[in-house]
>>> print(open('input_4.cif').read())   # mmCIF, C-alpha atoms and all ligand atoms
data_upload
#
loop_
_atom_site.label_atom_id
_atom_site.label_comp_id
_atom_site.auth_asym_id
_atom_site.auth_seq_id
_atom_site.Cartn_x
_atom_site.Cartn_y
_atom_site.Cartn_z
CA MET J 20 0.64 4.20 29.52
CA ASN J 21 4.47 4.06 29.55
CA THR J 22 6.22 6.74 27.58
CA TYR J 23 8.35 5.24 24.86
CA PHE J 24 9.02 8.51 23.05
CA PRO J 25 9.63 10.92 25.95
CA GLU J 26 11.60 13.40 23.85
CA VAL J 27 8.71 13.92 21.40
CA GLU J 28 5.61 16.07 21.89
CA ARG J 29 2.63 15.96 19.56
CA ILE J 30 3.86 16.90 16.06
CA VAL J 31 2.19 20.06 14.77
CA PHE J 32 2.17 22.01 11.53
CA GLU J 33 4.62 24.93 11.66
CA GLY J 34 4.97 25.76 7.98
CA VAL J 35 7.84 25.80 5.53
CA GLU J 36 9.84 28.45 7.40
CA SER J 37 10.11 26.26 10.51
CA ARG J 38 13.51 24.82 11.36
CA ASN J 39 12.00 22.40 13.88
CA PRO J 40 12.72 18.85 12.65
CA LEU J 41 9.77 17.57 14.71
CA ALA J 42 7.15 19.70 12.94
CA PHE J 43 5.26 19.45 9.67
CA LYS J 44 6.30 21.90 6.97
CA TRP J 45 3.52 21.01 4.51
CA TYR J 46 1.08 18.60 6.13
CA ASP J 47 -1.59 20.82 7.69
CA ARG J 48 -4.34 18.30 8.36
CA ASP J 49 -7.25 20.76 8.31
CA ARG J 50 -6.13 22.73 5.26
CA THR J 51 -8.65 22.41 2.45
CA VAL J 52 -7.40 21.41 -0.99
CA LEU J 53 -9.90 20.92 -3.83
CA GLY J 54 -12.80 20.74 -1.39
CA LYS J 55 -11.39 18.22 1.11
CA THR J 56 -8.98 18.53 4.01
CA MET J 57 -5.48 17.16 3.67
CA ALA J 58 -6.30 14.50 6.27
CA GLU J 59 -9.33 13.41 4.21
CA HIS J 60 -7.33 13.22 0.99
CA LEU J 61 -4.27 11.46 2.36
CA ARG J 62 -5.59 9.14 5.09
CA PHE J 63 -2.11 8.28 6.36
CA ALA J 64 -1.47 5.00 8.14
CA VAL J 65 1.52 3.63 10.05
CA ALA J 66 2.69 0.10 9.21
CA TYR J 67 2.98 -1.82 12.48
CA TRP J 68 5.54 -4.29 11.13
CA HIS J 69 8.17 -1.79 10.03
CA THR J 70 7.69 0.93 12.59
CA LEU J 71 7.18 -1.16 15.72
CA LYS J 72 8.71 -4.53 14.85
CA HIS J 73 11.62 -3.90 12.48
CA ASP J 74 14.77 -4.54 14.52
CA GLY J 75 17.41 -3.45 12.00
CA GLY J 76 18.85 -6.93 11.53
CA ASP J 77 20.02 -7.75 8.00
CA PRO J 78 21.76 -10.77 6.40
CA PHE J 79 25.11 -9.34 7.47
CA GLY J 80 24.45 -8.14 10.98
CA SER J 81 22.49 -8.14 14.20
CA PRO J 82 19.58 -5.90 15.19
CA THR J 83 20.46 -2.25 15.73
CA MET J 84 17.19 -0.61 16.75
CA ASP J 85 16.77 0.91 20.19
CA ARG J 86 13.21 -0.19 20.99
CA GLN J 87 12.36 -0.16 24.68
CA TRP J 88 9.07 -1.98 24.11
CA ASN J 89 11.08 -5.07 23.16
CA ARG J 90 12.72 -5.39 26.56
CA PHE J 91 9.98 -7.63 28.00
CA SER J 92 10.81 -11.33 27.82
CA ASP J 93 7.23 -12.68 28.02
CA PRO J 94 5.80 -12.57 24.46
CA LEU J 95 2.39 -11.23 25.50
CA ASP J 96 3.92 -8.58 27.78
CA ARG J 97 6.10 -7.55 24.86
CA ALA J 98 3.09 -7.46 22.52
CA LYS J 99 1.19 -5.21 24.93
CA ALA J 100 4.16 -2.88 25.41
CA THR J 101 4.55 -2.75 21.62
CA CYS J 102 0.88 -1.85 21.27
CA ASP J 103 1.26 0.90 23.89
CA ALA J 104 4.28 2.27 22.02
CA ALA J 105 2.36 2.02 18.74
CA PHE J 106 -0.58 4.11 19.92
CA GLU J 107 1.71 6.62 21.60
CA PHE J 108 3.51 6.95 18.25
CA PHE J 109 0.27 7.23 16.20
CA THR J 110 -1.18 9.93 18.44
CA LYS J 111 2.03 11.96 18.71
CA LEU J 112 2.44 11.82 14.94
CA GLY J 113 -1.23 12.66 14.37
CA VAL J 114 -2.07 9.87 11.92
CA ASP J 115 -5.63 8.59 11.87
CA TYR J 116 -4.86 5.00 10.81
CA TYR J 117 -2.57 2.02 11.22
CA CYS J 118 -2.19 -1.39 9.52
CA PHE J 119 -0.99 -4.74 10.87
CA HIS J 120 -0.37 -8.41 10.17
CA ASP J 121 -1.88 -10.75 12.74
CA ARG J 122 1.61 -11.83 13.83
CA ASP J 123 2.78 -8.23 14.28
CA LEU J 124 0.04 -7.54 16.78
CA ALA J 125 0.09 -10.88 18.59
CA PRO J 126 2.87 -13.46 18.93
CA GLU J 127 2.50 -16.86 17.33
CA GLY J 128 2.00 -19.46 20.09
CA GLY J 129 3.13 -23.04 20.50
CA SER J 130 -0.11 -24.30 18.93
CA PHE J 131 -2.78 -22.94 16.62
CA ALA J 132 -5.16 -22.57 19.58
CA GLU J 133 -2.59 -20.57 21.52
CA SER J 134 -1.92 -18.31 18.51
CA CYS J 135 -5.66 -17.67 18.20
CA ARG J 136 -5.90 -16.90 21.91
CA ASN J 137 -2.98 -14.46 21.68
CA LEU J 138 -4.64 -12.73 18.76
CA GLU J 139 -7.94 -12.44 20.63
CA ILE J 140 -6.20 -10.96 23.66
CA MET J 141 -4.30 -8.45 21.55
CA THR J 142 -7.36 -7.57 19.48
CA GLY J 143 -9.10 -6.62 22.70
CA TYR J 144 -6.05 -4.67 23.81
CA ALA J 145 -5.85 -2.76 20.52
CA ALA J 146 -9.63 -2.12 20.54
CA HIS J 147 -9.28 -0.43 23.90
CA LEU J 148 -6.43 1.78 22.64
CA GLN J 149 -8.36 2.60 19.45
CA ASN J 150 -11.30 3.73 21.57
CA SER J 151 -9.23 5.87 23.89
CA THR J 152 -7.20 7.55 21.10
CA GLY J 153 -9.60 7.64 18.13
CA VAL J 154 -6.98 5.99 15.89
CA LYS J 155 -8.58 3.56 13.41
CA LEU J 156 -7.54 0.45 11.55
CA LEU J 157 -7.02 1.04 7.82
CA TRP J 158 -6.44 -2.65 7.18
CA GLY J 159 -5.47 -5.92 8.70
CA THR J 160 -3.81 -8.87 7.03
CA ALA J 161 -2.39 -12.29 7.86
CA ASN J 162 1.29 -13.13 7.83
CA LEU J 163 1.30 -16.26 5.66
CA PHE J 164 4.99 -16.15 4.80
CA SER J 165 7.28 -15.96 7.87
CA ASN J 166 6.61 -19.31 9.55
CA PRO J 167 8.57 -22.20 7.93
CA ARG J 168 5.30 -24.08 7.34
CA TYR J 169 4.68 -21.59 4.53
CA VAL J 170 8.00 -22.22 2.80
CA HIS J 171 6.18 -23.43 -0.33
CA GLY J 172 3.37 -20.87 -0.15
CA ALA J 173 0.01 -20.69 1.61
CA GLY J 174 -3.01 -20.70 -0.74
CA THR J 175 -0.78 -22.03 -3.52
CA ASN J 176 0.92 -24.69 -1.41
CA PRO J 177 1.32 -28.17 -2.98
CA ASP J 178 0.03 -29.63 0.32
CA TYR J 179 -3.66 -29.15 1.19
CA HIS J 180 -2.75 -29.35 4.88
CA VAL J 181 -0.82 -26.09 4.65
CA PHE J 182 -3.59 -24.52 2.53
CA ALA J 183 -6.06 -25.39 5.27
CA TYR J 184 -3.77 -23.94 7.94
CA ALA J 185 -3.58 -20.71 5.96
CA GLY J 186 -7.37 -20.68 5.65
CA ALA J 187 -7.75 -21.18 9.38
CA GLN J 188 -5.27 -18.39 10.08
CA VAL J 189 -6.98 -15.98 7.67
CA LYS J 190 -10.36 -16.71 9.28
CA HIS J 191 -9.02 -15.39 12.58
CA ALA J 192 -7.22 -12.46 10.93
CA ILE J 193 -10.47 -11.39 9.25
CA ASP J 194 -12.27 -11.78 12.60
CA ALA J 195 -9.70 -9.51 14.26
CA THR J 196 -9.90 -6.95 11.46
CA CYS J 197 -13.69 -7.00 11.63
CA GLU J 198 -13.72 -6.60 15.40
CA LEU J 199 -11.36 -3.62 15.16
CA GLY J 200 -13.52 -1.94 12.50
CA GLY J 201 -10.87 -2.35 9.79
CA GLU J 202 -11.90 -0.44 6.67
CA ASN J 203 -10.09 -2.89 4.39
CA TYR J 204 -8.43 -6.30 4.48
CA VAL J 205 -5.26 -6.91 2.43
CA PHE J 206 -3.98 -9.98 0.64
CA TRP J 207 -0.35 -9.71 -0.29
CA GLY J 208 0.85 -12.96 -1.84
CA GLY J 209 3.78 -13.49 0.53
CA ARG J 210 5.10 -16.73 -0.94
CA GLU J 211 2.36 -17.24 -3.52
CA GLY J 212 4.67 -17.91 -6.42
CA TYR J 213 7.37 -20.36 -7.36
CA GLU J 214 11.09 -20.86 -7.74
CA THR J 215 11.20 -23.53 -10.46
CA LEU J 216 8.62 -25.07 -12.80
CA LEU J 217 10.33 -28.44 -12.31
CA ASN J 218 8.36 -28.98 -9.09
CA THR J 219 5.38 -26.70 -9.78
CA ARG J 220 1.88 -27.03 -11.26
CA LEU J 221 1.41 -23.40 -12.15
CA LYS J 222 -2.19 -23.67 -13.37
CA GLN J 223 -3.35 -25.64 -10.36
CA GLU J 224 -1.65 -23.28 -7.92
CA GLN J 225 -3.53 -20.35 -9.43
CA GLU J 226 -6.79 -22.29 -9.20
CA GLN J 227 -6.02 -23.03 -5.56
CA MET J 228 -5.47 -19.33 -4.94
CA ALA J 229 -8.81 -18.50 -6.56
CA ALA J 230 -10.56 -21.09 -4.40
CA PHE J 231 -8.85 -19.66 -1.33
CA LEU J 232 -10.00 -16.12 -2.13
CA HIS J 233 -13.57 -17.31 -2.83
CA MET J 234 -13.61 -18.86 0.63
CA CYS J 235 -12.48 -15.52 2.08
CA VAL J 236 -15.23 -13.65 0.21
CA ASP J 237 -17.82 -16.16 1.46
CA TYR J 238 -16.59 -15.86 5.04
CA ALA J 239 -16.61 -12.05 5.02
CA GLU J 240 -20.18 -12.09 3.74
CA LYS J 241 -21.16 -14.63 6.36
CA ILE J 242 -19.84 -12.63 9.31
CA GLY J 243 -20.93 -9.27 7.86
CA PHE J 244 -17.44 -7.85 7.41
CA SER J 245 -18.05 -4.82 5.21
CA GLY J 246 -14.42 -3.74 4.69
CA GLN J 247 -12.96 -3.69 1.20
CA PHE J 248 -10.80 -6.67 0.16
CA LEU J 249 -7.54 -5.56 -1.48
CA ILE J 250 -4.82 -7.46 -3.34
CA GLU J 251 -1.30 -6.03 -3.36
CA PRO J 252 0.81 -6.71 -6.46
CA LYS J 253 4.50 -7.54 -6.30
CA PRO J 254 6.51 -9.18 -9.10
CA LYS J 255 9.23 -10.99 -7.14
CA GLU J 256 10.71 -11.36 -3.65
CA PRO J 257 10.45 -13.57 -1.76
CA THR J 258 9.76 -15.97 -4.66
CA LYS J 259 11.35 -15.57 -8.05
CA HIS J 260 7.96 -15.49 -9.82
CA GLN J 261 5.18 -14.01 -7.68
CA TYR J 262 1.75 -14.78 -9.17
CA ASP J 263 0.46 -11.28 -8.34
CA PHE J 264 3.10 -9.72 -10.59
CA ASP J 265 1.47 -6.37 -11.22
CA THR J 266 -1.91 -4.67 -11.44
CA ALA J 267 -2.72 -5.88 -14.94
CA THR J 268 -1.88 -9.48 -13.98
CA ILE J 269 -4.12 -9.32 -10.92
CA LEU J 270 -7.02 -7.80 -12.84
CA ASN J 271 -6.79 -10.66 -15.33
CA PHE J 272 -6.66 -13.22 -12.52
CA LEU J 273 -9.67 -11.70 -10.75
CA ARG J 274 -11.72 -11.58 -13.96
CA SER J 275 -10.77 -15.13 -14.94
CA HIS J 276 -11.88 -16.50 -11.58
CA ASP J 277 -15.09 -14.51 -11.05
CA LEU J 278 -13.56 -12.50 -8.21
CA ILE J 279 -13.45 -9.08 -9.84
CA ASP J 280 -16.47 -7.68 -7.99
CA HIS J 281 -14.98 -8.41 -4.58
CA PHE J 282 -11.49 -6.93 -4.79
CA LYS J 283 -9.63 -3.71 -5.40
CA LEU J 284 -5.88 -3.17 -5.44
CA ASN J 285 -3.40 -1.91 -2.89
CA ILE J 286 -0.61 -0.41 -4.98
CA GLU J 287 2.88 -0.17 -3.49
CA ALA J 288 5.46 2.18 -5.00
CA ASN J 289 8.50 -0.05 -4.58
CA HIS J 290 6.60 -3.06 -5.95
CA ALA J 291 5.67 -1.07 -9.04
CA THR J 292 9.29 -0.24 -9.78
CA LEU J 293 10.36 -3.85 -9.17
CA ALA J 294 7.84 -4.81 -11.87
CA GLY J 295 9.49 -2.38 -14.28
CA HIS J 296 6.68 0.16 -13.96
CA THR J 297 6.38 3.56 -12.37
CA PHE J 298 4.16 4.02 -9.31
CA GLU J 299 1.85 6.29 -11.31
CA HIS J 300 1.54 3.68 -14.06
CA GLU J 301 0.24 1.10 -11.58
CA LEU J 302 -2.13 3.65 -10.02
CA ALA J 303 -3.43 4.58 -13.47
CA VAL J 304 -3.98 0.95 -14.54
CA ALA J 305 -5.91 0.22 -11.33
CA ALA J 306 -7.93 3.44 -11.61
CA ALA J 307 -8.80 2.76 -15.26
CA ALA J 308 -10.49 -0.46 -14.10
CA GLY J 309 -12.22 1.32 -11.20
CA LYS J 310 -10.05 -0.72 -8.84
CA LEU J 311 -7.76 1.76 -7.12
CA GLY J 312 -8.27 0.79 -3.49
CA SER J 313 -5.35 1.90 -1.38
CA MET J 314 -1.62 2.65 -1.48
CA ASP J 315 1.53 1.45 0.25
CA VAL J 316 3.65 4.55 0.01
CA ASN J 317 7.41 4.10 0.03
CA ARG J 318 10.20 4.17 -2.51
CA GLY J 319 12.93 1.89 -3.76
CA ASP J 320 16.47 2.73 -4.75
CA LEU J 321 17.10 2.72 -8.48
CA LEU J 322 20.64 1.49 -7.91
CA LEU J 323 19.45 -1.52 -5.89
CA GLY J 324 17.21 -4.13 -7.43
CA TRP J 325 15.19 -5.11 -4.38
CA ASP J 326 12.40 -3.97 -2.10
CA THR J 327 14.28 -1.42 0.01
CA ASP J 328 11.04 0.01 1.48
CA GLN J 329 12.43 3.50 2.05
CA PHE J 330 10.31 6.41 3.14
CA PRO J 331 8.95 8.46 0.23
CA THR J 332 10.75 11.78 -0.16
CA ASP J 333 10.89 12.29 -3.91
CA LEU J 334 8.49 15.14 -4.77
CA TYR J 335 8.38 14.35 -8.46
CA THR J 336 6.96 10.92 -7.67
CA THR J 337 4.48 12.16 -5.08
CA VAL J 338 3.18 14.80 -7.52
CA LEU J 339 2.68 12.27 -10.31
CA ALA J 340 1.04 9.82 -7.88
CA MET J 341 -1.29 12.48 -6.49
CA LEU J 342 -2.31 13.49 -10.03
CA GLU J 343 -3.55 9.92 -10.53
CA VAL J 344 -5.25 9.73 -7.13
CA LEU J 345 -7.07 13.03 -7.68
CA ALA J 346 -8.06 12.04 -11.21
CA ALA J 347 -9.48 8.80 -9.81
CA GLY J 348 -11.62 10.78 -7.36
CA GLY J 349 -9.62 9.78 -4.27
CA LEU J 350 -9.01 6.59 -2.36
CA GLY J 351 -12.44 5.88 -0.89
CA THR J 352 -11.98 3.63 2.13
CA GLY J 353 -8.27 3.24 1.27
CA GLY J 354 -5.40 5.34 2.47
CA MET J 355 -1.66 5.82 2.34
CA ASN J 356 0.15 3.25 4.42
CA PHE J 357 3.83 3.88 5.07
CA ASP J 358 5.09 0.43 4.17
CA ALA J 359 8.57 1.79 4.80
CA LYS J 360 11.35 1.25 7.26
CA VAL J 361 14.09 3.48 8.60
CA ARG J 362 17.61 2.54 7.52
CA ARG J 363 19.59 0.27 9.80
CA GLY J 364 21.80 3.16 10.86
CA SER J 365 18.79 5.26 11.93
CA PHE J 366 18.29 3.29 15.11
CA GLU J 367 16.95 5.87 17.57
CA PRO J 368 13.20 6.08 18.24
CA VAL J 369 13.15 9.71 17.12
CA ASP J 370 14.27 8.60 13.63
CA LEU J 371 10.81 7.02 13.24
CA PHE J 372 9.30 10.48 13.62
CA HIS J 373 11.69 12.11 11.16
CA ALA J 374 10.89 9.39 8.61
CA HIS J 375 7.10 9.68 8.88
CA ILE J 376 7.12 13.49 9.02
CA GLY J 377 9.17 13.53 5.83
CA GLY J 378 6.84 11.10 4.07
CA MET J 379 3.72 12.96 5.16
CA ASP J 380 5.18 16.29 4.07
CA ALA J 381 6.27 14.83 0.72
CA PHE J 382 2.71 13.63 0.00
CA ALA J 383 1.09 16.81 1.36
CA ARG J 384 3.31 18.84 -0.92
CA GLY J 385 2.58 16.44 -3.78
CA LEU J 386 -1.12 16.99 -3.15
CA VAL J 387 -0.81 20.79 -3.16
CA ILE J 388 1.27 20.77 -6.36
CA ALA J 389 -1.01 18.26 -8.11
CA ALA J 390 -4.05 20.33 -7.15
CA ALA J 391 -2.40 23.47 -8.57
CA ILE J 392 -1.64 21.62 -11.82
CA ILE J 393 -5.24 20.45 -12.07
CA GLU J 394 -6.60 23.90 -11.30
CA ASP J 395 -4.33 25.47 -13.92
CA GLY J 396 -5.83 23.05 -16.43
CA PHE J 397 -2.93 22.93 -18.90
CA LEU J 398 -2.60 19.12 -18.82
CA GLU J 399 -6.28 18.53 -19.36
CA GLU J 400 -6.38 21.17 -22.09
CA PHE J 401 -3.39 19.58 -23.83
CA ARG J 402 -4.99 16.13 -23.70
CA ASN J 403 -8.31 17.50 -24.92
CA GLN J 404 -6.53 18.91 -27.95
CA ARG J 405 -4.53 15.75 -28.51
CA TYR J 406 -7.60 13.50 -28.53
CA ARG J 407 -10.02 15.96 -30.14
CA SER J 408 -10.57 13.86 -33.30
CA TRP J 409 -12.31 11.25 -31.15
CA ASN J 410 -15.08 13.68 -30.25
CA HIS J 411 -16.35 13.76 -33.82
CA ASP J 412 -14.71 11.71 -36.55
CA GLY J 413 -13.69 8.90 -34.18
CA ALA J 414 -16.75 8.90 -31.92
CA ALA J 415 -18.49 5.96 -33.60
CA ALA J 416 -15.30 3.85 -33.58
CA LEU J 417 -14.71 4.54 -29.88
CA ALA J 418 -18.25 3.46 -29.13
CA GLY J 419 -17.67 0.21 -30.99
CA ARG J 420 -19.99 1.20 -33.84
CA SER J 421 -17.60 1.40 -36.78
CA SER J 422 -15.90 -0.95 -39.23
CA LEU J 423 -12.81 -1.47 -41.33
CA GLU J 424 -14.86 -0.42 -44.38
CA ALA J 425 -15.65 2.88 -42.64
CA CYS J 426 -11.91 3.36 -41.95
CA SER J 427 -11.22 2.68 -45.59
CA ALA J 428 -13.80 5.21 -46.76
CA TYR J 429 -12.42 7.77 -44.29
CA ILE J 430 -8.88 7.41 -45.64
CA GLU J 431 -10.08 7.61 -49.25
CA LYS J 432 -11.63 10.94 -48.36
CA HIS J 433 -8.96 12.40 -45.99
CA GLY J 434 -5.70 10.83 -47.18
CA GLU J 435 -2.51 10.94 -45.11
CA PRO J 436 -2.81 12.07 -41.44
CA VAL J 437 -0.83 15.09 -40.23
CA VAL J 438 1.23 13.72 -37.32
CA GLN J 439 1.54 16.00 -34.29
CA SER J 440 4.25 16.31 -31.63
CA GLY J 441 3.57 14.74 -28.24
CA ARG J 442 5.40 17.70 -26.62
CA GLN J 443 6.72 15.61 -23.75
CA GLU J 444 9.56 17.99 -22.85
CA TYR J 445 7.27 21.01 -23.03
CA LEU J 446 4.88 19.32 -20.56
CA GLU J 447 7.71 18.21 -18.27
CA ASN J 448 8.94 21.81 -18.16
CA LEU J 449 5.47 23.00 -17.20
CA ILE J 450 5.25 20.41 -14.40
CA ASN J 451 8.61 21.55 -13.04
CA ARG J 452 7.34 25.14 -12.93
CA PHE J 453 4.83 23.99 -10.31
CA ILE J 454 7.36 21.99 -8.30
C1 LIG L 501 5.84 -6.95 1.36
C2 LIG L 501 4.71 -6.03 1.63
C3 LIG L 501 3.82 -6.43 2.74
C4 LIG L 501 2.39 -6.16 2.52
C5 LIG L 501 1.49 -6.67 3.61
O1 LIG L 501 6.65 -6.52 0.34
O2 LIG L 501 4.58 -5.01 1.01
O3 LIG L 501 4.28 -5.79 3.88
O4 LIG L 501 2.15 -4.79 2.38
O5 LIG L 501 1.63 -8.03 3.80
CO CO L 502 3.17 -3.49 1.12
#
>>> encode(input="input_4.cif", output="structure tokens", more="lines below")
Ligand code: XUL
Ligand code: CO
Amino acid sequence: MNTYFPEVERIVFEGVESRNPLAFKWYDRDRTVLGKTMAEHLRFAVAYWHTLKHDGGDPFGSPTMDRQWNRFSDPLDRAKATCDAAFEFFTKLGVDYYCFHDRDLAPEGGSFAESCRNLEIMTGYAAHLQNSTGVKLLWGTANLFSNPRYVHGAGTNPDYHVFAYAGAQVKHAIDATCELGGENYVFWGGREGYETLLNTRLKQEQEQMAAFLHMCVDYAEKIGFSGQFLIEPKPKEPTKHQYDFDTATILNFLRSHDLIDHFKLNIEANHATLAGHTFEHELAVAAAAGKLGSMDVNRGDLLLGWDTDQFPTDLYTTVLAMLEVLAAGGLGTGGMNFDAKVRRGSFEPVDLFHAHIGGMDAFARGLVIAAAIIEDGFLEEFRNQRYRSWNHDGAAALAGRSSLEACSAYIEKHGEPVVQSGRQEYLENLINRFI
């Protein structure tokens, strides 16, 4: 295998005193926290598209990234070199998982048949590298948004011909994911949304999407793909109105179309904030429905209103996110995928290591702090006190066995309630003591 990161050895844990930028300060994969190792809790994955394929181009300027695996002119040679670089990166970083779109792994060909052939070749290539390194596939997905044919959407396209193309493409993407032992398969609604109602049948487009997803469920069952299907919410970008706006919207869609049993959610931090929520809010809404499947960990920039996909470094956010993940009992077959890209000015290959090390340390530290908060018990104790009336007086109402007459009788007997402080600042101060 060529060496694309010659200046980097395998990244190891050196602890918080270390001044080595290419070492973990907090992520110690075998350290046990609340009965599981850090690696088992966090299940980190590298996003193929950002880390291997992002070239640093933006609307104002040309690519900046120094990526030696891109120097091959033949598309398949380039794809193989990229895959070599990918697995060298995964193993040096020490992550157990990666995620890809079909078109990240294999180039789109001049015809559908050629694209399928490219994907088959690259699936075999990746399978070989998975076997020799032990790195696994967290999830696969299909890119149904880059090619101009998808300009008006894929499953929600006004033209059945494009819908069918998307279905054909997803069939092969599920095949590839299945062959590579993918533990999940993700649907992010790339251009499943609209720009103007003047040319759009909103209700029909949502029905089309439901039909599309039912076909995917049927196909997975047929071929025996046992990975978890995940939908990833995002409120806008690229379209003005994305149908999968947020977790609550998706849960409603899945329930309305008899799909709820087949899907969980893949919650992305920057998508949550674009929807006007916090990351932890979206995690909590998914967990409350038993549908927290996986996470795309990144962060936005509060001063910019778009999907900046930066690496997560904010400890406050990682602590609050880990509190929700631990409360939900973990991520199951999901994981934490770094759907994040280095800034355009961070163009050297080593910057990819700095970025991932920082993100992994931020979540490892978030895990340790969240575990300490849970073990201390003050949050749970505070909530127990706050909701204590529901254990007795309110128990029948909570179980759906009360009535307005019963409320009336209760108030006749007890009169005006004594309102209690929510103590938000007190709790925030306690959280900061742990950080
Ligand atoms: C786009 C996004 C995607 C999905 C996979 O905002 O997050 O990369 O995660 O298609
Ligand atoms: Co994402």
>>> residues_near_ligand(input="input_4.cif", ligand="ligand CO 502 (chain L)", cutoff="6 Å", atoms="only C-alpha atoms and all ligand atoms", output="list in words")
Glu287, Asp315 and Asp358 of chain J
>>> write_last_selection(input="input_4.cif", atoms="C-alpha atoms", output="mmCIF file, keeping the file's coordinate frame")
data_model
loop_
_atom_site.group_PDB
_atom_site.id
_atom_site.type_symbol
_atom_site.label_atom_id
_atom_site.label_comp_id
_atom_site.auth_asym_id
_atom_site.auth_seq_id
_atom_site.Cartn_x
_atom_site.Cartn_y
_atom_site.Cartn_z
ATOM 1 C CA GLU J 287 2.880 -0.170 -3.490
ATOM 2 C CA ASP J 315 1.530 1.450 0.250
ATOM 3 C CA ASP J 358 5.090 0.430 4.170
#
>>> residues_around(input="input_4.cif", residues="Asp380 (chain J)", least_positions_apart="3", cutoff="7 Å", atoms="only C-alpha atoms", output="list in words")
Phe43, Lys44, Trp45, Tyr46, Ile376, Gly377, Ala383 and Arg384 of chain J
>>> residues_around(input="input_4.cif", residues="region 62-76 of chain J", least_positions_apart="5", cutoff="9 Å", atoms="all atoms listed in the file", output="number ranges by chain")
J: 57, 81-86, 88-89, 101-102, 104-105, 109, 114-120, 122-124, 155-157, 350, 352-366, 371, 375, 379
>>> closest_residue(input="input_4.cif", among="J:Phe91, J:Phe231, J:Tyr179, J:Trp325", to="ligand LIG 501 (chain L)", atoms="all atoms listed in the file")
J:Trp325
>>> atom_distance(input="input_4.cif", atom1="CA of Gln404 (chain J)", atom2="CA of Ala428 (chain J)")
24.4 Å
>>> closest_residue(input="input_4.cif", among="J:Pro368, J:Gly54, J:Gly378, J:Pro25", to="Leu334 (chain J)", atoms="all atoms listed in the file")
J:Gly378
>>> residues_near_ligand(input="input_4.cif", ligand="ligand LIG 501 (chain L)", cutoff="8 Å", atoms="all atoms listed in the file", output="VMD selection string")
chain J and resid 68 119 to 120 160 to 162 205 to 209 251 253 256 287 290 315 326 328 358
>>> atom_distance(input="input_4.cif", atom1="CA of Gln225 (chain J)", atom2="CA of Asp263 (chain J)")
10.0 Å
>>> residues_near_point(input="input_4.cif", point="(-6.7, -1.1, -12.1)", cutoff="10 Å", atoms="all atoms listed in the file", output="list of chain:residue names")
J:Asp265, J:Thr266, J:Ala267, J:Thr268, J:Ile269, J:Leu270, J:Lys283, J:Leu284, J:Asn285, J:Ile286, J:His300, J:Glu301, J:Leu302, J:Ala303, J:Val304, J:Ala305, J:Ala306, J:Ala307, J:Ala308, J:Gly309, J:Lys310, J:Leu311, J:Gly312
>>> atom_distance(input="input_4.cif", atom1="CA of His171 (chain J)", atom2="CA of Tyr213 (chain J)")
7.8 Å
>>> closest_residue(input="input_4.cif", among="J:Leu249, J:Cys197, J:Val369, J:Leu163", to="Lys111 (chain J)", atoms="all atoms listed in the file")
J:Val369
>>> closest_residue(input="input_4.cif", among="J:Glu367, J:Asn289, J:Asn176, J:Ser134", to="Gln87 (chain J)", atoms="only C-alpha atoms")
J:Glu367
>>> closest_residue(input="input_4.cif", among="J:Asp194, J:Leu339, J:Lys241, J:Phe330", to="Asn451 (chain J)", atoms="only C-alpha atoms")
J:Leu339
>>> closest_residue(input="input_4.cif", among="J:His191, J:His147, J:His60, J:Arg50", to="Gly351 (chain J)", atoms="all atoms listed in the file")
J:His60
>>> residues_near_point(input="input_4.cif", point="(-3.1, 18.7, -5.1)", cutoff="9 Å", atoms="only C-alpha atoms", output="list in words")
Val52, Leu53, Val338, Met341, Leu342, Leu345, Ala383, Arg384, Gly385, Leu386, Val387, Ile388, Ala389, Ala390, Ala391, Ile392, Ile393 and Glu394 of chain J
>>> decode(input="input_4.cif", residues="region 171-176 of chain J", atoms="N, CA, C and O atoms", output="PDB file, in the first residue's frame")
ATOM      1  N   HIS J 171     -34.291  18.188  -9.561  1.00  0.00           N
ATOM      2  CA  HIS J 171     -35.605  18.375  -8.928  1.00  0.00           C
ATOM      3  C   HIS J 171     -35.918  17.280  -7.917  1.00  0.00           C
ATOM      4  O   HIS J 171     -37.084  16.982  -7.655  1.00  0.00           O
ATOM      5  N   GLY J 172     -34.883  16.661  -7.357  1.00  0.00           N
ATOM      6  CA  GLY J 172     -35.095  15.622  -6.352  1.00  0.00           C
ATOM      7  C   GLY J 172     -34.925  14.232  -6.920  1.00  0.00           C
ATOM      8  O   GLY J 172     -34.686  14.047  -8.134  1.00  0.00           O
ATOM      9  N   ALA J 173     -35.031  13.246  -6.066  1.00  0.00           N
ATOM     10  CA  ALA J 173     -34.884  11.838  -6.463  1.00  0.00           C
ATOM     11  C   ALA J 173     -36.221  11.140  -6.235  1.00  0.00           C
ATOM     12  O   ALA J 173     -37.053  11.082  -7.137  1.00  0.00           O
ATOM     13  N   GLY J 174     -36.472  10.672  -5.011  1.00  0.00           N
ATOM     14  CA  GLY J 174     -37.762  10.034  -4.707  1.00  0.00           C
ATOM     15  C   GLY J 174     -38.927  10.989  -4.875  1.00  0.00           C
ATOM     16  O   GLY J 174     -40.052  10.570  -5.167  1.00  0.00           O
ATOM     17  N   THR J 175     -38.692  12.273  -4.709  1.00  0.00           N
ATOM     18  CA  THR J 175     -39.780  13.260  -4.811  1.00  0.00           C
ATOM     19  C   THR J 175     -39.791  13.972  -6.163  1.00  0.00           C
ATOM     20  O   THR J 175     -40.429  15.017  -6.318  1.00  0.00           O
ATOM     21  N   ASN J 176     -39.099  13.396  -7.136  1.00  0.00           N
ATOM     22  CA  ASN J 176     -39.011  14.065  -8.448  1.00  0.00           C
ATOM     23  C   ASN J 176     -40.361  14.092  -9.166  1.00  0.00           C
ATOM     24  O   ASN J 176     -41.112  13.116  -9.105  1.00  0.00           O
TER      25      ASN J 176
END
